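A short write-up of the structure that comes next.
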Amino acid sequence: MNPQIAAAFAVLPLYLAWHVLLSASALGLGLLIGLPVAVAAARSKTLRWPALTLASLVQTIPSLALLALFYPLLLALSAAIKPLVGFGLPALGFLPSLLALTLYSILPILRNGVTGLTGIDLSVIEAADGLGMTSSQKLFRVEAPLAAPVAMAGVRTAAVWTIGAATLSTPVGQTSLGDYIFSGLQTENWVFVLFGCGASAALAIVVDQLLGLIEIGAARRGMKRIGIGLAALLIGTAVAITPLAGALFGDDKAAYVVGAKNFSEQFILADLISDRLKAAGSVTDTKQGLGSAVAFRALAANDIDVYVDYSGTLWTNVLGHTDTPSRAAMLAALTTELKAKYGVTVLGSLGFENAYALTMKPDRAASLGLKTLEDLSGKAGGLTLGSDLEFLSRPEWTALKSAYGFQFKGMKSYTPTFMYRALSGGEADVISAFSSDGRIAADHLVVLSDTKGAIPSYDAVVLLAPKRANDARLSGVLRPLIGKLTVERMRQANLTVDQDVNKVSPEDAARALAADIR
């Protein structure tokens with residue numbers, strides 16, 4: 001069997017289990033909220049318009065944005081209630097994903113519920129009233145059975161939407177079938193991308209068909225169909241989430257949670273850290289695909305225990321500094337300030353730097369006579385800049401514009417993988433590459449020198465959460481990595497994951513890196 005396919009099947013039980021648990025929980029909450037509101041809205045024209053409008057408004061928010069918005073909201077709420085009750089709310093992972101997907105599921109349930117109830121023939125309602133039925137008797141004996149087929153159509157729509165949107169929970173730290181898609185896109189592992197899409201689609205189709213069976217049963221008053229559909233859904237859900245039993249209730253709960261941002265190097269380093277902890281006898285969990293701001297906030301809030309960040313990112317984005325001190329001065333200041341302001345421990349630098357660098361194809365740079373960023377500033381008006389998804393909103397870009405006065409003809413944002421593809425395909429003339437990326441050397445790209453020193457240093461540093469500040473076991477396992485990773489080693493590891501031929505997984509690249517630094 002193809003190694004990539006084998007690797008995809010190996011993690012399928014875990015990814016599917018979390019995806020099913022998350023989707024089922026969100027749909028269940030959506031039903032608990034949506035159906036009562038639908039009944040109330042059907043009986044009150046005053047409530048109907050605001051309820052449907054609010055549910056529709058939620059749908060206008062992109063699902064990924066809705067998921068991301070719940071993270072800072074939960075962080076703020078957790079900080080507010082912790083002094084009162086002694087504990088905070090988990091802001092990363094399952095809870096923000098559950099809340100966002102629940103909101104996303106409500107509209108079709110609410111709309112179809114209202115449509116089904118208001119579409120009942122008035123003569124039927126009058127007959128029920130004439131028989132002296134109470135409001136609850138009328139609802140459960142007359143209205144609900146008649147409206148059930150229409151309401152079930154809404155439930156089917158909500159289920160398919162929820163299962164699809166659950167793949168987007170990866171950036172907020174929730175394991176799902178989306179992990180295949182996000183990691184596959186970053187590492188150009190198209191087997192993972194197709195596997196994630198296919199598994200999610202298959203799950204949605206199966207659930208939709210079982211709910212369809214219940215819908216037919218409701219329309220024909222066939223309790224057998226309803227029973228079979230419900231039983232299959234309940235048994236299937238129970239079987240699917242079985243792999244989580246140990247992680248949720250047993251001794252398999254992760255002792256350490258390792259964070260990772262959304263590019264190949266971060267996946268490799270997270271696996272390197274996780275492997276060392278496992279070798280020392282600890283159970284670990286990895287939250288990957290996190291944005292820069294989310295990753296640090298999660299660490300400061302103790303939602304993750306350890307991850308690797310970069311000194312320049314911390315200096316500008318977290319601490320808000322605009323100056324560019326020397327490497328040694330920056331590391332010393334970071335260690336002091338992060339500890340004082342956030343309780344975060346800087347264990348040390350891994351030994352390599354991954355800085356932003358504006359790069360070009362050699363023939364394009366040569367034809368324009370470009371060697372430095374100063375040279376580029378005079379030609380930028382006729383060129384297109386391609387960047388990663390964060391760069392154009394970061395202080396580093398502001399600093400570069402201020403130092404060199406860049407005014408590009410156009411600017412486009414891509415995931416890191418497609419940013420390099422855009423350069424090779426001619427959609428971008430210049431890209432905001434990463435200095436430890438092996439594709440710079442492999443593609444023979446030209447790095448334009450920063451003659452004015454506008455970009456700070458970006459040493460890769462290991463950060464520990466406040467609650468792990470005195471964790472001798474964690475520090476002892478990770479301290480041997482400090483200063484041991486050269487940029488050449490890291491570039492080679494990154495290249496093995498990102499290259500088109502003889503590609504390896506981040507896990508295998510991490511193992512090779514570990515063997516190389518012993």
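As shown in the structure tokens, the chain order sets the letters A, B, ...; within each chain, residues go from 1, and ligands are also counted from 1 in the order they appear.
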
Q.
Env of A:Arg48: 12 Å cut, atoms = only C-alpha atoms, seq-sep filter 6 positions within chain, self excluded. Answer as a list in words.
A. Val37, Ala38, Val39, Ala40, Ala41, Ala42, Leu54, Ala55, Leu110, Arg111, Gly113, Val114, Thr115 and Thr118 of chain A

Q: Skip stretch 257-260 of chain A itself and residues of its chain fewer than 3 positions away, then list as a PyMOL selection string all residues within 12 Å of it, counting only C-alpha atoms.
A: chain A and resi 92-93+170-174+183+253-254+263-278+282-300+302-309+462-465+468+474+506

Mind checking which residues fall within 12 Å of A:Ala329, counting only C-alpha atoms, ignoring those fewer than 6 positions away in the same chain, and posting them as a short mmCIF file (atom, residue, chain, number, x, y, z; two decimals) with N, CA, C and O atoms, in the first residue's frame?
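Done, and the output landed in selection-v5.cif:
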data_model
loop_
_atom_site.label_atom_id
_atom_site.label_comp_id
_atom_site.auth_asym_id
_atom_site.auth_seq_id
_atom_site.Cartn_x
_atom_site.Cartn_y
_atom_site.Cartn_z
N SER A 311 11.37 34.67 17.45
CA SER A 311 11.64 35.86 18.27
C SER A 311 11.09 37.13 17.64
O SER A 311 10.51 37.98 18.34
N GLY A 312 11.22 37.28 16.32
CA GLY A 312 10.71 38.49 15.67
C GLY A 312 9.20 38.61 15.77
O GLY A 312 8.65 39.70 15.96
N TRP A 315 8.41 39.56 19.32
CA TRP A 315 8.87 40.92 19.59
C TRP A 315 7.88 41.96 19.03
O TRP A 315 7.53 42.93 19.71
N ASP A 323 11.30 48.54 17.40
CA ASP A 323 12.73 48.61 17.16
C ASP A 323 13.27 47.23 16.79
O ASP A 323 12.57 46.22 16.90
N THR A 335 12.86 36.94 26.96
CA THR A 335 12.81 36.05 28.11
C THR A 335 12.26 36.76 29.33
O THR A 335 11.41 36.23 30.06
N THR A 336 12.70 37.98 29.53
CA THR A 336 12.26 38.76 30.70
C THR A 336 10.82 39.23 30.55
O THR A 336 10.00 39.07 31.46
N PRO A 456 13.35 42.18 11.89
CA PRO A 456 14.08 41.70 13.07
C PRO A 456 14.52 40.26 12.90
O PRO A 456 14.13 39.57 11.95
N SER A 457 15.35 39.77 13.82
CA SER A 457 15.78 38.37 13.79
C SER A 457 14.62 37.48 14.19
O SER A 457 13.72 37.90 14.92
#

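Atom CA of A:Lys452 is positioned 29.4 Å from atom CA of A:Asn262.
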
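Minimum distance to A:Tyr342 across A:Ala357, A:Leu210, A:Leu177, A:Val318 (counting only C-alpha atoms) occurs at A:Val318.
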
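As for atom CA of A:Leu84 and atom CA of A:Pro72, they are spaced 19.4 Å apart.
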
Q) Out of A:Ile163, A:Ala255, A:Ile228, A:Ala79, which residue has the shortest atom-to-atom distance to A:Ser63 when counting only C-alpha atoms? A) A:Ile163

For A:Phe434, list every protein, DNA or RNA residue within 7 Å, evaluated using only C-alpha atoms, and leave out those in the same chain fewer than 6 positions away; present the list as a PDB file with N, CA and C atoms, in the first residue's frame.
ATOM      1  N   ASN A 354      14.356  31.538  11.337  1.00  0.00           N
ATOM      2  CA  ASN A 354      13.420  31.452  10.215  1.00  0.00           C
ATOM      3  C   ASN A 354      12.793  32.830  10.026  1.00  0.00           C
ATOM      4  N   ALA A 355      13.498  33.679   9.295  1.00  0.00           N
ATOM      5  CA  ALA A 355      13.062  35.069   9.126  1.00  0.00           C
ATOM      6  C   ALA A 355      12.281  35.229   7.833  1.00  0.00           C
ATOM      7  N   TYR A 356      11.464  36.276   7.800  1.00  0.00           N
ATOM      8  CA  TYR A 356      10.848  36.660   6.536  1.00  0.00           C
ATOM      9  C   TYR A 356      11.943  37.153   5.594  1.00  0.00           C
ATOM     10  N   ALA A 357      11.816  36.807   4.332  1.00  0.00           N
ATOM     11  CA  ALA A 357      12.773  37.254   3.318  1.00  0.00           C
ATOM     12  C   ALA A 357      12.037  37.417   1.996  1.00  0.00           C
TER      13      ALA A 357
END

(Q) List as a PyMOL selection string the protein and nucleic acid residues near A:Ile226, meaning an atom at most 9 Å away when only C-alpha atoms are counted, but skip any in the same chain fewer than 4 places from it. (A) chain A and resi 211+213-218+221-222+230-231

Long-range neighbours of A:Val58 as a CSV table (one decimal) with N, CA and C atoms, in the first residue's frame, 9 Å cut-off, only C-alpha atoms, 3 positions minimum in chain:
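Written output follows (part11.csv):
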chain,number,residue,atom,x,y,z
A,53,THR,N,-34.4,36.3,11.3
A,53,THR,CA,-33.3,37.2,10.8
A,53,THR,C,-32.0,37.0,11.5
A,54,LEU,N,-32.1,36.8,12.9
A,54,LEU,CA,-30.8,36.5,13.6
A,54,LEU,C,-30.2,35.3,13.2
A,55,ALA,N,-31.0,34.2,13.0
A,55,ALA,CA,-30.4,32.9,12.5
A,55,ALA,C,-29.8,33.1,11.1
A,61,ILE,N,-21.9,35.0,8.2
A,61,ILE,CA,-20.6,35.0,8.7
A,61,ILE,C,-19.9,33.7,8.2
A,62,PRO,N,-18.8,33.8,7.5
A,62,PRO,CA,-18.1,32.6,7.0
A,62,PRO,C,-17.8,31.7,8.2
A,66,LEU,N,-16.4,32.4,12.0
A,66,LEU,CA,-17.3,32.2,13.2
A,66,LEU,C,-16.6,31.3,14.2
A,103,LEU,N,-24.5,27.2,16.4
A,103,LEU,CA,-25.1,28.4,15.8
A,103,LEU,C,-25.3,28.2,14.3
A,104,TYR,N,-24.3,27.6,13.6
A,104,TYR,CA,-24.4,27.4,12.2
A,104,TYR,C,-25.5,26.4,11.8
A,107,LEU,N,-30.2,27.7,11.7
A,107,LEU,CA,-31.1,28.3,10.7
A,107,LEU,C,-32.0,27.3,9.9

Q: Run DSSP on the backbone and give me the residues of stretch 255-484 of chain A it puts in alpha helix (DSSP H), as an MDAnalysis selection string.
A: chainID A and resid 264:279 292:300 311:313 327:342 362:368 373:379 395:404 416:425 438:442 472:478

Q.
So the first atom is atom CA of A:His321 and the second is atom CA of A:Leu392; what is the distance between them in Å, to one decimal place?
A. 17.4 Å
